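Colleague: Would you mind keeping the following structure in view while I ask a few things?
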Amino acid sequence: MVRGRAASKVEAKEVKVNGEVSKVPKGRGRKRTLTSKAPLEVKKVKVKLEAPKVENGVLLTVGMGDIGQLGLGPDVEEKTRPAVVTSLSDIVAIAAGGLHSVCLDKTGKVYTWGCNDEGALGRHTDNDEDTYTSGVVNIDGKVVQISAGDCHTAALLEDGRVYAWGCFRDNNGPLGFLDKGNLQKTPRQILSDVPVIKISSGNNHLALLSQDGRVFTCGCGESGQLGRIAEVFASRDSRNRKGIETLLDPQPIKVFKSRKAVLFDDVWAGGVGTFARARETGNIYAFGLNNYNQLGDEDTNLKFQPVLLKSFVGKTWKQISGGQHHSLALTDDGTAYCMGRREYGRLGLGELQHDIKKPTAITTLEGQKAISVSAGECVSLVVMESGDVYGFGMGTNNQLAQGDEDDQLVPVKLTGKQLVDRRVVDAVAGGQHTIILAVPK
C-alpha cells in the first residue's frame, strides 16, 4: 500500500518530577499516584516515520499537459496512453494537484512540475520551460509523505515536521497561505510545535493528523471543509475579528462523545470535504460539501462541524478519497465503494437514474482485491492487488488512458505499452491528468 499513513515508531515518554526523571510505566491498568504537587513536565515524544516501501518505482503520466503537469517537456501537451517520465527513478510516492504534479524518491527528495503561478512547485522557475520538467524542492530533512491540492503542496518529514507551500483559494480568488494574500513560493514549516504523522490535501484545504490523535485543518473553509469554524465566520468577508488568519492558522477540530474528546488515527481530505477515522471505534466523521451526498450523509446541507456517518458503521475503512462531487472508499477486505454524483459515469455503476447517497460497492470490481482508490473531479481510479488499475468517468481529458475521449460508465483497465511489463502500485487523478506509480513485474 503506497498512499496510506506512514508507519510510526514512538519512543517512551518520560516524566520529570522535582528534577528527577522516570519513565511512565506501560500496560498498567491502575493509575499511579504522585504525592508531590509540583507541576509535571512531559518530555515531547519523538516520532520516527517511514516512507512507503517501493522498489524500482517508475512514474508514468497520461492526460492533458498544456501547463506542464505531465512532466514530459514543453513539446508534449497531451498523452492518450501512459508515458514514462524518464528523468525520475526510484519513486516511492506520488501526488497530483489541479495543474501540477509531485513525487517522492527513496532518498526522501521531493520533485515537482507543472503550473507554478501561485507557488505550487515550491521552487523558483525562471521561465515556462522550467515548469515542464521535474525539479527538486529544497527541504531541510528527509520527506516520507506528500500531498497536493489545486495550488498548494505539503511534505511530511520523518521527524514529524511539516513543510508546505503555494496558495489556498476561495470563490473570491487567492486567500494566501499562512499570511493573508501572500503566496508561499518556497517550503515553510507549519504547526511547528506538534508532531504530525499524516497529511492530506483537498482542493484548497489541508488536514494534518498529529501523533496524539488530533486533526488540524487550514485553508478555505467556506463549504465547511475545515470542520472547526461556524458558517457565519467561515468566509473571508465574515465579521470574524481575526478574519482570514483564522482560516490559515492550523487549528484542531473538536469532537466529543459522552463528554470525552474523540481522537483519530487517520484523516483524508479531498475536493471540498474531509473524512476522519476515530481511533477507538473506527467510526467515520466527515465535514464539508455534501450537495450530491458525496460525504455519505443523506442530509445535503453543508457540514461545518464533524458529523458521524451512520452509513459507514459496520465496516473497517482503510482509505477514503474525495473528489469534487463524489467519493470513493476502500474497506480492509479490498472492496471499493462509491457515492455521490452520477454524471459521466464517475461512480462506475453504469447508467444511473439517481445519485448514490451512501457507500455502494462497485459491482464489476467485486471478486478482485483493491489496494487504493482515487477520486478526481469527474473521474475515478482503483488500483488492484493484481497490479492492474481501473478507471471510469469523464473521458474528455484522456485521464483514463483509453485512446479516445469517451466517458466510461463502468470500470475499464488503463492500458498502454509502458504498462505491459509493469505492475501498478498506485494511481492518482489530478485536475486534468493522471499519475501512475509502477514497478517491474
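By convention in this document, the chains of the C-alpha cells carry letters A, B, ... by their order, each chain's residues are numbered from 1, and ligands are numbered from 1 in the order they are shown.
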For Gly391 (chain A), find every residue with an atom within 12 Å (counting only C-alpha atoms), except residues of its own chain fewer than 2 positions away, and show them as a PyMOL selection string.
Modeller: chain A and resi 345-349+362+364-365+373-376+378-384+388-389+393-395+398-402+407-415+427-429+434+436
Colleague: Keeping only C-alpha atoms, take the residues you just selected and write them out as a PDB file, in the first residue's frame.
Modeller:
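Output (selection.pdb):
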```
ATOM      1  CA  GLY A 345     -20.029   7.536 -15.046  1.00  0.00           C
ATOM      2  CA  ARG A 346     -17.698   8.619 -12.231  1.00  0.00           C
ATOM      3  CA  LEU A 347     -19.356   6.115  -9.848  1.00  0.00           C
ATOM      4  CA  GLY A 348     -18.630   3.139 -12.101  1.00  0.00           C
ATOM      5  CA  LEU A 349     -22.116   1.665 -11.676  1.00  0.00           C
ATOM      6  CA  ILE A 362     -18.661  -1.164  -7.309  1.00  0.00           C
ATOM      7  CA  THR A 364     -17.937  -5.067 -11.560  1.00  0.00           C
ATOM      8  CA  LEU A 365     -14.815  -4.970  -9.371  1.00  0.00           C
ATOM      9  CA  VAL A 373      -8.672   4.453  -4.713  1.00  0.00           C
ATOM     10  CA  SER A 374      -8.517   7.989  -6.089  1.00  0.00           C
ATOM     11  CA  ALA A 375     -11.427  10.307  -6.873  1.00  0.00           C
ATOM     12  CA  GLY A 376     -10.670  13.192  -9.224  1.00  0.00           C
ATOM     13  CA  CYS A 378     -15.060  13.755 -12.709  1.00  0.00           C
ATOM     14  CA  VAL A 379     -13.021  10.546 -12.874  1.00  0.00           C
ATOM     15  CA  SER A 380     -12.201   7.640 -10.579  1.00  0.00           C
ATOM     16  CA  LEU A 381      -9.244   5.263 -10.300  1.00  0.00           C
ATOM     17  CA  VAL A 382      -8.977   1.926  -8.470  1.00  0.00           C
ATOM     18  CA  VAL A 383      -5.692   0.026  -8.179  1.00  0.00           C
ATOM     19  CA  MET A 384      -5.967  -3.729  -7.734  1.00  0.00           C
ATOM     20  CA  ASP A 388      -3.951  -3.539 -12.778  1.00  0.00           C
ATOM     21  CA  VAL A 389      -5.535  -0.087 -12.490  1.00  0.00           C
ATOM     22  CA  GLY A 393     -15.861   8.630 -15.530  1.00  0.00           C
ATOM     23  CA  MET A 394     -15.303  11.530 -17.917  1.00  0.00           C
ATOM     24  CA  GLY A 395     -13.047  10.759 -20.861  1.00  0.00           C
ATOM     25  CA  ASN A 398      -7.765  11.303 -21.604  1.00  0.00           C
ATOM     26  CA  GLN A 399      -7.170  10.631 -17.905  1.00  0.00           C
ATOM     27  CA  LEU A 400      -8.471   7.090 -18.357  1.00  0.00           C
ATOM     28  CA  ALA A 401      -5.862   6.137 -20.988  1.00  0.00           C
ATOM     29  CA  GLN A 402      -8.357   4.614 -23.422  1.00  0.00           C
ATOM     30  CA  ASP A 407     -16.948   8.574 -20.973  1.00  0.00           C
ATOM     31  CA  GLN A 408     -16.648   5.230 -19.201  1.00  0.00           C
ATOM     32  CA  LEU A 409     -19.714   4.242 -17.156  1.00  0.00           C
ATOM     33  CA  VAL A 410     -18.127   1.097 -15.719  1.00  0.00           C
ATOM     34  CA  PRO A 411     -14.502   0.373 -14.773  1.00  0.00           C
ATOM     35  CA  VAL A 412     -12.088  -0.167 -17.666  1.00  0.00           C
ATOM     36  CA  LYS A 413      -8.450  -1.180 -17.375  1.00  0.00           C
ATOM     37  CA  LEU A 414      -5.878   1.500 -18.162  1.00  0.00           C
ATOM     38  CA  THR A 415      -3.648   0.179 -20.898  1.00  0.00           C
ATOM     39  CA  ALA A 427      -2.547   5.908  -9.267  1.00  0.00           C
ATOM     40  CA  VAL A 428      -3.903   9.377  -8.526  1.00  0.00           C
ATOM     41  CA  ALA A 429      -6.144  11.716 -10.508  1.00  0.00           C
ATOM     42  CA  THR A 434      -3.362  11.031 -14.100  1.00  0.00           C
ATOM     43  CA  ILE A 436       0.756   6.268 -12.109  1.00  0.00           C
TER      44      ILE A 436
END
```
Colleague: Please provide the set of residues having any atom within 7 Å of region 245-250 of chain A, restricted to only C-alpha atoms, with same-chain residues fewer than 6 positions apart removed, written as a list in words.
Modeller: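 Near region 245-250 of chain A, the qualifying residues are Phe177, Leu178, Lys180, Leu191, Phe216, Thr217, Cys218, Gly219, Cys220 and Gly221 of chain A.
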Colleague: Okay, now the selection with all heavy atoms, as a PDB file, in the first residue's frame?
Modeller:
```pdb
ATOM      1  N   PHE A 177      -1.452  31.866   1.990  1.00  0.00           N
ATOM      2  CA  PHE A 177      -1.074  30.579   2.578  1.00  0.00           C
ATOM      3  C   PHE A 177      -1.107  30.713   4.101  1.00  0.00           C
ATOM      4  O   PHE A 177      -2.145  30.582   4.715  1.00  0.00           O
ATOM      5  CB  PHE A 177       0.298  30.137   2.071  1.00  0.00           C
ATOM      6  CG  PHE A 177       0.570  28.695   2.364  1.00  0.00           C
ATOM      7  CD1 PHE A 177      -0.160  27.713   1.724  1.00  0.00           C
ATOM      8  CD2 PHE A 177       1.527  28.310   3.267  1.00  0.00           C
ATOM      9  CE1 PHE A 177       0.051  26.369   1.996  1.00  0.00           C
ATOM     10  CE2 PHE A 177       1.766  26.977   3.542  1.00  0.00           C
ATOM     11  CZ  PHE A 177       1.028  26.013   2.906  1.00  0.00           C
ATOM     12  N   LEU A 178      -0.001  31.014   4.734  1.00  0.00           N
ATOM     13  CA  LEU A 178      -0.037  31.292   6.167  1.00  0.00           C
ATOM     14  C   LEU A 178      -0.259  32.779   6.437  1.00  0.00           C
ATOM     15  O   LEU A 178      -0.662  33.163   7.529  1.00  0.00           O
ATOM     16  CB  LEU A 178       1.270  30.834   6.827  1.00  0.00           C
ATOM     17  CG  LEU A 178       1.504  29.326   6.851  1.00  0.00           C
ATOM     18  CD1 LEU A 178       2.808  29.003   7.548  1.00  0.00           C
ATOM     19  CD2 LEU A 178       0.363  28.597   7.514  1.00  0.00           C
ATOM     20  N   LYS A 180      -2.115  36.340   5.033  1.00  0.00           N
ATOM     21  CA  LYS A 180      -3.224  36.821   4.217  1.00  0.00           C
ATOM     22  C   LYS A 180      -2.737  37.387   2.884  1.00  0.00           C
ATOM     23  O   LYS A 180      -1.919  38.289   2.839  1.00  0.00           O
ATOM     24  CB  LYS A 180      -3.997  37.892   4.983  1.00  0.00           C
ATOM     25  CG  LYS A 180      -5.133  38.539   4.213  1.00  0.00           C
ATOM     26  CD  LYS A 180      -5.806  39.589   5.059  1.00  0.00           C
ATOM     27  CE  LYS A 180      -6.896  40.311   4.271  1.00  0.00           C
ATOM     28  NZ  LYS A 180      -7.535  41.371   5.099  1.00  0.00           N
ATOM     29  N   LEU A 191       2.745  24.369  11.832  1.00  0.00           N
ATOM     30  CA  LEU A 191       2.428  23.588  13.030  1.00  0.00           C
ATOM     31  C   LEU A 191       3.703  23.067  13.687  1.00  0.00           C
ATOM     32  O   LEU A 191       3.847  21.878  13.973  1.00  0.00           O
ATOM     33  CB  LEU A 191       1.486  22.430  12.662  1.00  0.00           C
ATOM     34  CG  LEU A 191       0.548  21.912  13.740  1.00  0.00           C
ATOM     35  CD1 LEU A 191      -0.424  23.010  14.178  1.00  0.00           C
ATOM     36  CD2 LEU A 191      -0.245  20.723  13.246  1.00  0.00           C
ATOM     37  N   PHE A 216      -5.844  18.623  12.659  1.00  0.00           N
ATOM     38  CA  PHE A 216      -5.723  20.057  12.441  1.00  0.00           C
ATOM     39  C   PHE A 216      -6.105  20.355  10.988  1.00  0.00           C
ATOM     40  O   PHE A 216      -5.808  19.566  10.086  1.00  0.00           O
ATOM     41  CB  PHE A 216      -4.289  20.535  12.691  1.00  0.00           C
ATOM     42  CG  PHE A 216      -3.861  20.486  14.125  1.00  0.00           C
ATOM     43  CD1 PHE A 216      -3.560  19.278  14.746  1.00  0.00           C
ATOM     44  CD2 PHE A 216      -3.750  21.656  14.876  1.00  0.00           C
ATOM     45  CE1 PHE A 216      -3.160  19.232  16.077  1.00  0.00           C
ATOM     46  CE2 PHE A 216      -3.359  21.615  16.197  1.00  0.00           C
ATOM     47  CZ  PHE A 216      -3.054  20.405  16.807  1.00  0.00           C
ATOM     48  N   THR A 217      -6.732  21.506  10.748  1.00  0.00           N
ATOM     49  CA  THR A 217      -7.101  21.900   9.393  1.00  0.00           C
ATOM     50  C   THR A 217      -6.756  23.367   9.153  1.00  0.00           C
ATOM     51  O   THR A 217      -6.704  24.167  10.078  1.00  0.00           O
ATOM     52  CB  THR A 217      -8.607  21.707   9.137  1.00  0.00           C
ATOM     53  OG1 THR A 217      -9.355  22.508  10.062  1.00  0.00           O
ATOM     54  CG2 THR A 217      -9.003  20.245   9.275  1.00  0.00           C
ATOM     55  N   CYS A 218      -6.527  23.713   7.874  1.00  0.00           N
ATOM     56  CA  CYS A 218      -6.301  25.108   7.493  1.00  0.00           C
ATOM     57  C   CYS A 218      -6.636  25.259   6.017  1.00  0.00           C
ATOM     58  O   CYS A 218      -6.671  24.284   5.270  1.00  0.00           O
ATOM     59  CB  CYS A 218      -4.870  25.553   7.774  1.00  0.00           C
ATOM     60  SG  CYS A 218      -3.593  24.595   6.912  1.00  0.00           S
ATOM     61  N   GLY A 219      -6.881  26.506   5.591  1.00  0.00           N
ATOM     62  CA  GLY A 219      -7.195  26.780   4.199  1.00  0.00           C
ATOM     63  C   GLY A 219      -8.571  27.381   4.036  1.00  0.00           C
ATOM     64  O   GLY A 219      -9.087  28.054   4.928  1.00  0.00           O
ATOM     65  N   CYS A 220      -9.186  27.124   2.903  1.00  0.00           N
ATOM     66  CA  CYS A 220     -10.530  27.617   2.623  1.00  0.00           C
ATOM     67  C   CYS A 220     -11.550  26.854   3.461  1.00  0.00           C
ATOM     68  O   CYS A 220     -11.493  25.627   3.534  1.00  0.00           O
ATOM     69  CB  CYS A 220     -10.849  27.474   1.135  1.00  0.00           C
ATOM     70  SG  CYS A 220     -12.527  27.940   0.681  1.00  0.00           S
ATOM     71  N   GLY A 221     -12.499  27.580   4.053  1.00  0.00           N
ATOM     72  CA  GLY A 221     -13.495  26.923   4.898  1.00  0.00           C
ATOM     73  C   GLY A 221     -14.920  27.275   4.547  1.00  0.00           C
ATOM     74  O   GLY A 221     -15.835  26.962   5.304  1.00  0.00           O
TER      75      GLY A 221
END
```
Colleague: Of the candidates A:Asp406, A:Asp66, A:Glu298, A:Glu158, which one gets nearest to Trp113 (chain A) if we count only C-alpha atoms?
Modeller: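 Going through A:Asp406, A:Asp66, A:Glu298, A:Glu158 one by one, the smallest distance to Trp113 (chain A) is for A:Asp66.
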Colleague: Could you give me the residues within region 182-418 of chain A that DSSP places in alpha helix (DSSP H), as a PyMOL selection string?
Modeller: chain A and resi 244-248
Colleague: Excluding Gly149 (chain A) and residues on its chain fewer than 4 positions from it, collect all residues at most 10 Å away from it, counting only C-alpha atoms, and give them as a list in words.
Modeller: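 Final neighbour list, sorted by chain and number: Ala95, Ala96, Gly97, Gly98, Leu99, His100, Ser101, Ala120, Thr153, Ala154, Gly166, Cys167, Phe168, Ser200, Ser201, Gly202, Asn203, Asn204, His205, Leu206, Ala269, Gly270, Gly271, Gly430 and Gly431 of chain A.
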Colleague: Could you dump the residues just selected with N, CA, C and O atoms as a CSV table (one decimal), in the first residue's frame?
Modeller:
```csv
chain,number,residue,atom,x,y,z
A,95,ALA,N,1.7,12.4,-5.9
A,95,ALA,CA,0.5,13.2,-5.6
A,95,ALA,C,0.2,14.1,-6.8
A,95,ALA,O,1.1,14.6,-7.5
A,96,ALA,N,-1.1,14.3,-7.1
A,96,ALA,CA,-1.5,15.1,-8.2
A,96,ALA,C,-2.3,16.3,-7.8
A,96,ALA,O,-3.3,16.1,-7.0
A,97,GLY,N,-1.9,17.5,-8.2
A,97,GLY,CA,-2.7,18.7,-7.9
A,97,GLY,C,-3.6,19.0,-9.0
A,97,GLY,O,-3.8,18.2,-9.9
A,98,GLY,N,-4.2,20.2,-9.0
A,98,GLY,CA,-5.1,20.6,-10.0
A,98,GLY,C,-4.3,20.7,-11.4
A,98,GLY,O,-4.8,20.1,-12.3
A,99,LEU,N,-3.2,21.4,-11.4
A,99,LEU,CA,-2.4,21.6,-12.6
A,99,LEU,C,-0.9,21.3,-12.3
A,99,LEU,O,-0.1,21.8,-13.1
A,100,HIS,N,-0.6,20.6,-11.3
A,100,HIS,CA,0.8,20.3,-11.1
A,100,HIS,C,1.0,18.9,-10.5
A,100,HIS,O,0.0,18.3,-10.1
A,101,SER,N,2.2,18.4,-10.5
A,101,SER,CA,2.5,17.0,-10.1
A,101,SER,C,3.6,17.0,-9.1
A,101,SER,O,4.5,17.9,-9.1
A,120,ALA,N,2.9,26.6,-6.3
A,120,ALA,CA,2.7,25.2,-6.0
A,120,ALA,C,3.9,24.3,-6.2
A,120,ALA,O,3.9,23.2,-5.6
A,153,THR,N,1.1,22.5,-2.0
A,153,THR,CA,1.7,21.2,-1.8
A,153,THR,C,2.2,21.1,-0.4
A,153,THR,O,2.6,22.1,0.2
A,154,ALA,N,2.2,19.9,0.2
A,154,ALA,CA,2.7,19.7,1.5
A,154,ALA,C,3.6,18.5,1.6
A,154,ALA,O,3.5,17.6,0.8
A,166,GLY,N,2.7,27.3,-1.6
A,166,GLY,CA,1.7,27.5,-2.6
A,166,GLY,C,0.7,28.5,-2.1
A,166,GLY,O,1.0,29.5,-1.5
A,167,CYS,N,-0.6,28.2,-2.3
A,167,CYS,CA,-1.7,29.2,-2.0
A,167,CYS,C,-3.0,28.4,-1.9
A,167,CYS,O,-3.3,27.5,-2.6
A,168,PHE,N,-3.8,28.9,-1.0
A,168,PHE,CA,-5.2,28.4,-0.9
A,168,PHE,C,-6.1,29.5,-1.6
A,168,PHE,O,-5.8,30.7,-1.6
A,200,SER,N,-2.9,15.4,4.4
A,200,SER,CA,-3.8,15.1,3.3
A,200,SER,C,-4.4,16.4,2.8
A,200,SER,O,-4.8,17.3,3.6
A,201,SER,N,-4.4,16.6,1.5
A,201,SER,CA,-4.9,17.8,0.8
A,201,SER,C,-6.2,17.7,0.1
A,201,SER,O,-6.4,16.7,-0.6
A,202,GLY,N,-7.1,18.7,0.3
A,202,GLY,CA,-8.2,18.9,-0.5
A,202,GLY,C,-7.9,19.9,-1.6
A,202,GLY,O,-6.7,20.2,-1.8
A,203,ASN,N,-8.9,20.3,-2.3
A,203,ASN,CA,-8.6,21.3,-3.4
A,203,ASN,C,-7.9,22.5,-2.8
A,203,ASN,O,-6.9,23.0,-3.4
A,204,ASN,N,-8.5,23.1,-1.8
A,204,ASN,CA,-8.0,24.3,-1.2
A,204,ASN,C,-7.9,24.3,0.3
A,204,ASN,O,-8.1,25.3,1.0
A,205,HIS,N,-7.7,23.1,0.9
A,205,HIS,CA,-7.5,23.0,2.3
A,205,HIS,C,-6.6,21.8,2.6
A,205,HIS,O,-6.3,21.0,1.8
A,206,LEU,N,-6.0,21.9,3.8
A,206,LEU,CA,-5.0,20.9,4.3
A,206,LEU,C,-5.4,20.3,5.6
A,206,LEU,O,-5.8,21.1,6.5
A,269,ALA,N,-8.4,14.3,3.4
A,269,ALA,CA,-9.0,15.5,2.8
A,269,ALA,C,-9.1,15.3,1.3
A,269,ALA,O,-8.2,14.7,0.7
A,270,GLY,N,-10.1,15.8,0.7
A,270,GLY,CA,-10.2,15.7,-0.8
A,270,GLY,C,-11.3,16.6,-1.3
A,270,GLY,O,-12.3,16.8,-0.6
A,271,GLY,N,-11.1,17.1,-2.5
A,271,GLY,CA,-12.2,18.0,-3.0
A,271,GLY,C,-12.5,19.1,-2.1
A,271,GLY,O,-11.7,20.0,-1.7
A,430,GLY,N,-5.4,14.0,-11.1
A,430,GLY,CA,-5.3,15.4,-10.9
A,430,GLY,C,-6.5,16.1,-11.5
A,430,GLY,O,-7.5,15.5,-11.9
A,431,GLY,N,-6.3,17.4,-11.8
A,431,GLY,CA,-7.4,18.1,-12.4
A,431,GLY,C,-7.7,17.7,-13.8
A,431,GLY,O,-8.9,17.5,-14.2
```
Colleague: To one decimal in Å, tell me the separation between CA of Ala207 (chain A) and CA of Ala370 (chain A).
Modeller: 24.6 Å
Colleague: I need the residues of region 192-351 of chain A that end up classed as strand (DSSP E) by DSSP on the backbone, written out as a ChimeraX atom specification.
Modeller: /A:196-201,205-210,215-219,251-252,256-257,260-261,264-270,273-278,284-288,303-308,317-322,326-331,336-340
Colleague: Write out as a short mmCIF file (atom, residue, chain, number, x, y, z; two decimals) with N, CA and C atoms, in the first residue's frame which residues come within 8 Å of Arg214 (chain A) when counting only C-alpha atoms, dropping same-chain ones fewer than 6 positions away.
Modeller:
```cif
data_model
loop_
_atom_site.label_atom_id
_atom_site.label_comp_id
_atom_site.auth_asym_id
_atom_site.auth_seq_id
_atom_site.Cartn_x
_atom_site.Cartn_y
_atom_site.Cartn_z
N PRO A 252 -7.09 22.57 15.66
CA PRO A 252 -7.73 21.25 15.72
C PRO A 252 -9.25 21.32 15.67
N ILE A 253 -9.84 20.29 15.04
CA ILE A 253 -11.29 20.13 15.12
C ILE A 253 -11.63 19.56 16.50
N LEU A 263 -10.49 11.02 19.62
CA LEU A 263 -9.19 11.08 18.96
C LEU A 263 -9.26 10.25 17.67
N PHE A 264 -8.34 10.54 16.76
CA PHE A 264 -8.41 9.95 15.43
C PHE A 264 -7.10 9.24 15.09
#
```
